[in-house]
>>> print(open('start_9.cif').read())   # mmCIF, C-alpha atoms, pLDDT in the B column; chains and numbers go by the auth columns
data_query
#
loop_
_atom_site.group_PDB
_atom_site.id
_atom_site.type_symbol
_atom_site.label_atom_id
_atom_site.label_comp_id
_atom_site.label_asym_id
_atom_site.label_seq_id
_atom_site.Cartn_x
_atom_site.Cartn_y
_atom_site.Cartn_z
_atom_site.B_iso_or_equiv
_atom_site.auth_seq_id
_atom_site.auth_asym_id
ATOM 1 C CA GLN A 1 0.000 0.000 0.000 79.00 60 A
ATOM 2 C CA LEU A 2 1.435 3.342 -1.079 86.00 61 A
ATOM 3 C CA GLN A 3 1.565 5.822 1.742 94.00 62 A
ATOM 4 C CA LEU A 4 2.963 9.297 2.330 96.00 63 A
ATOM 5 C CA VAL A 5 3.169 10.647 5.860 95.00 64 A
ATOM 6 C CA GLU A 6 3.980 14.291 6.567 95.00 65 A
ATOM 7 C CA SER A 7 5.254 15.848 9.749 95.00 66 A
ATOM 8 C CA GLY A 8 6.699 19.121 10.926 96.00 67 A
ATOM 9 C CA GLY A 9 3.930 21.663 10.560 95.00 68 A
ATOM 10 C CA GLY A 10 2.988 24.122 13.255 97.00 69 A
ATOM 11 C CA LEU A 11 2.664 27.732 14.293 98.00 70 A
ATOM 12 C CA VAL A 12 5.546 30.090 13.623 98.00 71 A
ATOM 13 C CA GLN A 13 6.032 33.839 13.696 98.00 72 A
ATOM 14 C CA PRO A 14 6.698 35.790 10.507 98.00 73 A
ATOM 15 C CA GLY A 15 10.345 35.490 9.555 98.00 74 A
ATOM 16 C CA GLY A 16 10.657 32.130 11.271 98.00 75 A
ATOM 17 C CA SER A 17 11.483 28.699 9.906 98.00 76 A
ATOM 18 C CA LEU A 18 9.928 25.260 9.739 98.00 77 A
ATOM 19 C CA ARG A 19 11.042 21.968 8.245 98.00 78 A
ATOM 20 C CA LEU A 20 8.490 19.602 6.790 98.00 79 A
ATOM 21 C CA SER A 21 9.243 15.914 6.365 98.00 80 A
ATOM 22 C CA CYS A 22 7.543 13.305 4.208 97.00 81 A
ATOM 23 C CA ALA A 23 8.202 9.604 4.497 95.00 82 A
ATOM 24 C CA ALA A 24 7.124 7.292 1.692 94.00 83 A
ATOM 25 C CA SER A 25 6.297 3.637 2.223 92.00 84 A
ATOM 26 C CA GLY A 26 4.992 0.874 0.044 89.00 85 A
ATOM 27 C CA PHE A 27 7.004 1.980 -2.960 84.00 86 A
ATOM 28 C CA THR A 28 10.411 3.372 -3.820 85.00 87 A
ATOM 29 C CA LEU A 29 10.597 6.857 -5.206 86.00 88 A
ATOM 30 C CA ASP A 30 13.270 6.209 -7.816 87.00 89 A
ATOM 31 C CA TYR A 31 10.994 6.820 -10.812 89.00 90 A
ATOM 32 C CA TYR A 32 8.693 9.338 -9.190 93.00 91 A
ATOM 33 C CA ILE A 33 8.298 13.047 -8.857 94.00 92 A
ATOM 34 C CA ILE A 34 7.584 14.022 -5.268 96.00 93 A
ATOM 35 C CA GLY A 35 6.856 17.392 -3.823 96.00 94 A
ATOM 36 C CA TRP A 36 4.926 19.764 -1.665 98.00 95 A
ATOM 37 C CA PHE A 37 1.625 21.367 -2.444 98.00 96 A
ATOM 38 C CA ARG A 38 -0.406 23.724 -0.326 98.00 97 A
ATOM 39 C CA GLN A 39 -3.964 24.883 -0.029 98.00 98 A
ATOM 40 C CA ALA A 40 -5.094 27.954 1.828 96.00 99 A
ATOM 41 C CA PRO A 41 -8.746 28.546 2.748 92.00 100 A
ATOM 42 C CA GLY A 42 -10.718 29.630 -0.290 94.00 101 A
ATOM 43 C CA LYS A 43 -7.820 29.037 -2.666 96.00 102 A
ATOM 44 C CA GLU A 44 -6.910 26.312 -5.094 96.00 103 A
ATOM 45 C CA ARG A 45 -4.258 23.776 -4.288 97.00 104 A
ATOM 46 C CA GLU A 46 -0.906 24.872 -5.709 97.00 105 A
ATOM 47 C CA GLY A 47 2.475 23.321 -6.253 98.00 106 A
ATOM 48 C CA VAL A 48 5.114 24.783 -3.952 98.00 107 A
ATOM 49 C CA SER A 49 8.190 22.729 -4.753 98.00 108 A
ATOM 50 C CA CYS A 50 8.863 19.392 -6.368 97.00 109 A
ATOM 51 C CA ILE A 51 11.868 17.175 -6.999 97.00 110 A
ATOM 52 C CA SER A 52 12.599 14.397 -9.414 94.00 111 A
ATOM 53 C CA TYR A 53 13.817 11.610 -7.192 89.00 112 A
ATOM 54 C CA SER A 54 15.998 10.001 -9.842 88.00 113 A
ATOM 55 C CA ASP A 55 18.040 13.009 -11.004 90.00 114 A
ATOM 56 C CA GLY A 56 17.367 15.624 -8.354 92.00 115 A
ATOM 57 C CA ASN A 57 15.900 18.234 -10.689 95.00 116 A
ATOM 58 C CA THR A 58 13.846 20.711 -8.692 97.00 117 A
ATOM 59 C CA TYR A 59 11.088 23.215 -9.210 98.00 118 A
ATOM 60 C CA TYR A 60 10.019 26.094 -6.988 98.00 119 A
ATOM 61 C CA ALA A 61 7.010 28.322 -7.268 98.00 120 A
ATOM 62 C CA ASP A 62 8.004 31.969 -7.712 97.00 121 A
ATOM 63 C CA SER A 63 6.435 32.839 -4.375 97.00 122 A
ATOM 64 C CA VAL A 64 8.887 30.640 -2.449 98.00 123 A
ATOM 65 C CA LYS A 65 12.091 30.901 -4.478 98.00 124 A
ATOM 66 C CA GLY A 66 15.030 31.808 -2.306 98.00 125 A
ATOM 67 C CA ARG A 67 13.140 30.981 0.892 98.00 126 A
ATOM 68 C CA PHE A 68 12.240 27.290 0.588 98.00 127 A
ATOM 69 C CA THR A 69 14.546 24.368 -0.158 98.00 128 A
ATOM 70 C CA ILE A 70 13.460 20.874 -1.108 98.00 129 A
ATOM 71 C CA SER A 71 15.740 17.911 -0.531 96.00 130 A
ATOM 72 C CA ARG A 72 15.602 14.135 -0.538 94.00 131 A
ATOM 73 C CA ASP A 73 17.152 11.267 1.365 92.00 132 A
ATOM 74 C CA ASN A 74 17.332 8.228 -0.877 88.00 133 A
ATOM 75 C CA ALA A 75 18.256 5.892 1.961 90.00 134 A
ATOM 76 C CA LYS A 76 15.177 6.898 3.936 92.00 135 A
ATOM 77 C CA ASN A 77 12.821 7.204 0.953 92.00 136 A
ATOM 78 C CA ALA A 78 11.956 10.650 2.229 94.00 137 A
ATOM 79 C CA VAL A 79 11.698 14.256 1.115 96.00 138 A
ATOM 80 C CA TYR A 80 11.977 17.456 3.100 98.00 139 A
ATOM 81 C CA LEU A 81 10.983 21.085 2.733 98.00 140 A
ATOM 82 C CA GLN A 82 13.032 23.651 4.623 98.00 141 A
ATOM 83 C CA MET A 83 10.998 26.831 4.873 98.00 142 A
ATOM 84 C CA ASN A 84 12.775 30.027 5.909 98.00 143 A
ATOM 85 C CA SER A 85 11.659 33.645 6.118 98.00 144 A
ATOM 86 C CA LEU A 86 8.076 32.534 6.437 98.00 145 A
ATOM 87 C CA LYS A 87 5.317 34.997 5.656 98.00 146 A
ATOM 88 C CA PRO A 88 1.669 35.086 6.719 97.00 147 A
ATOM 89 C CA GLU A 89 0.712 34.283 3.136 97.00 148 A
ATOM 90 C CA ASP A 90 2.510 30.952 3.481 98.00 149 A
ATOM 91 C CA THR A 91 -0.230 29.851 5.867 98.00 150 A
ATOM 92 C CA ALA A 92 -1.915 26.763 4.439 98.00 151 A
ATOM 93 C CA VAL A 93 -2.284 23.029 4.728 98.00 152 A
ATOM 94 C CA TYR A 94 0.811 21.521 3.157 98.00 153 A
ATOM 95 C CA TYR A 95 0.561 18.174 1.403 98.00 154 A
ATOM 96 C CA CYS A 96 3.264 15.801 0.330 97.00 155 A
ATOM 97 C CA ALA A 97 2.352 14.181 -2.980 97.00 156 A
ATOM 98 C CA SER A 98 3.912 11.948 -5.561 95.00 157 A
ATOM 99 C CA GLU A 99 3.349 10.677 -9.058 93.00 158 A
ATOM 100 C CA TYR A 100 5.186 8.415 -11.441 92.00 159 A
ATOM 101 C CA SER A 101 7.391 10.652 -13.538 91.00 160 A
ATOM 102 C CA TRP A 102 5.727 11.290 -16.907 87.00 161 A
ATOM 103 C CA ALA A 103 6.803 14.871 -17.622 89.00 162 A
ATOM 104 C CA THR A 104 9.193 17.537 -16.378 91.00 163 A
ATOM 105 C CA VAL A 105 9.205 18.250 -12.682 94.00 164 A
ATOM 106 C CA GLN A 106 7.919 21.767 -13.377 93.00 165 A
ATOM 107 C CA SER A 107 5.012 20.504 -15.465 92.00 166 A
ATOM 108 C CA MET A 108 3.968 17.954 -12.914 93.00 167 A
ATOM 109 C CA CYS A 109 4.271 20.338 -9.998 95.00 168 A
ATOM 110 C CA ASN A 110 1.871 22.723 -11.717 95.00 169 A
ATOM 111 C CA ILE A 111 -0.842 20.144 -12.318 93.00 170 A
ATOM 112 C CA PRO A 112 -1.829 18.866 -8.866 93.00 171 A
ATOM 113 C CA GLN A 113 -4.974 17.282 -10.289 92.00 172 A
ATOM 114 C CA ARG A 114 -2.766 14.805 -12.150 92.00 173 A
ATOM 115 C CA ILE A 115 -0.950 13.705 -8.975 94.00 174 A
ATOM 116 C CA SER A 116 -2.118 10.337 -7.688 93.00 175 A
ATOM 117 C CA TYR A 117 -0.656 9.851 -4.231 95.00 176 A
ATOM 118 C CA TRP A 118 -1.222 12.267 -1.373 97.00 177 A
ATOM 119 C CA GLY A 119 -0.417 12.516 2.281 97.00 178 A
ATOM 120 C CA GLN A 120 -2.920 13.630 4.879 96.00 179 A
ATOM 121 C CA GLY A 121 -1.583 17.175 5.076 97.00 180 A
ATOM 122 C CA THR A 122 0.003 19.226 7.817 97.00 181 A
ATOM 123 C CA GLN A 123 -1.046 22.709 8.897 98.00 182 A
ATOM 124 C CA VAL A 124 1.446 25.556 8.676 98.00 183 A
ATOM 125 C CA THR A 125 0.358 28.809 10.303 98.00 184 A
ATOM 126 C CA VAL A 126 2.486 31.932 10.115 98.00 185 A
ATOM 127 C CA SER A 127 1.210 34.528 12.539 97.00 186 A
ATOM 128 C CA SER A 128 2.399 36.873 15.228 96.00 187 A
#
>>> encode(input="start_9.cif", output="structure tokens")
Amino acid sequence: QLQLVESGGGLVQPGGSLRLSCAASGFTLDYYIIGWFRQAPGKEREGVSCISYSDGNTYYADSVKGRFTISRDNAKNAVYLQMNSLKPEDTAVYYCASEYSWATVQSMCNIPQRISYWGQGTQVTVSS
């Protein structure tokens, strides 16, 4: 059974940092794109950052470039999102999601409706 489990969300003040973790089980990520998507109340789900597990190619949404860093740990079958300089507009439920690689990492990260496997989500709240 394919499963993605996120952890690491929480409440942080503006300018602070959080690190999200996603552990995959039931499959190996070697031929998959995996990444982070978020959905704020009243907004559509959007791709934040994705990585091709096989070659390490990455994609970042313009809104997080320079602040967020995605990384992977092949030995642990896991992916991480380091979020720095957090802003109130980063507040959302963050989902780890993965799909068998069928296009560029950028293309796949921008079409969340084509992603098959999703975690349960973790809340990130940026507020003073």
>>> resolve_selection(input="start_9.cif", expression="the PyMOL selection byres ((chain A and resi 117) around 10)", output="compact mmCIF listing (two decimals) with C-alpha atoms, in the frame of the given file")
# COMPACT_ATOMS: atom_id res chain seq x y z
CA ILE A 92 8.30 13.05 -8.86
CA ILE A 93 7.58 14.02 -5.27
CA GLY A 94 6.86 17.39 -3.82
CA SER A 108 8.19 22.73 -4.75
CA CYS A 109 8.86 19.39 -6.37
CA ILE A 110 11.87 17.18 -7.00
CA SER A 111 12.60 14.40 -9.41
CA TYR A 112 13.82 11.61 -7.19
CA ASP A 114 18.04 13.01 -11.00
CA GLY A 115 17.37 15.62 -8.35
CA ASN A 116 15.90 18.23 -10.69
CA TYR A 118 11.09 23.22 -9.21
CA TYR A 119 10.02 26.09 -6.99
CA THR A 128 14.55 24.37 -0.16
CA ILE A 129 13.46 20.87 -1.11
CA SER A 130 15.74 17.91 -0.53
CA THR A 163 9.19 17.54 -16.38
CA VAL A 164 9.20 18.25 -12.68
CA GLN A 165 7.92 21.77 -13.38
CA CYS A 168 4.27 20.34 -10.00
>>> closest_atom_pairs(input="start_9.cif", of="segment 149-177 of chain A", to="segment 131-139 of chain A", cutoff="12 Å", atoms="only C-alpha atoms", output="tab-separated table")
residue	atom	partner	partner_atom	distance
A:Tyr153	CA	A:Tyr139	CA	11.9
A:Tyr154	CA	A:Tyr139	CA	11.6
A:Cys155	CA	A:Val138	CA	8.6
A:Ala156	CA	A:Val138	CA	10.2
A:Ser157	CA	A:Val138	CA	10.5
>>> residues_around(input="start_9.cif", residues="segment 145-152 of chain A", least_positions_apart="5", cutoff="12 Å", atoms="all atoms listed in the file", output="PyMOL selection string")
chain A and resi 65-79+95-107+120+122-127+178-187
>>> closest_residue(input="start_9.cif", among="A:Gln141, A:Ser175, A:Ser160, A:Asn169", to="Asp89 of chain A", atoms="only C-alpha atoms")
A:Ser160
>>> atom_distance(input="start_9.cif", atom1="atom CA of Tyr90 of chain A", atom2="atom CA of Ala162 of chain A")
11.3 Å
>>> atom_distance(input="start_9.cif", atom1="atom CA of Leu140 of chain A", atom2="atom CA of Trp177 of chain A")
15.6 Å
>>> resolve_selection(input="start_9.cif", expression="the PyMOL selection byres ((chain A and resi 86) around 12)", output="count of residues only")
20
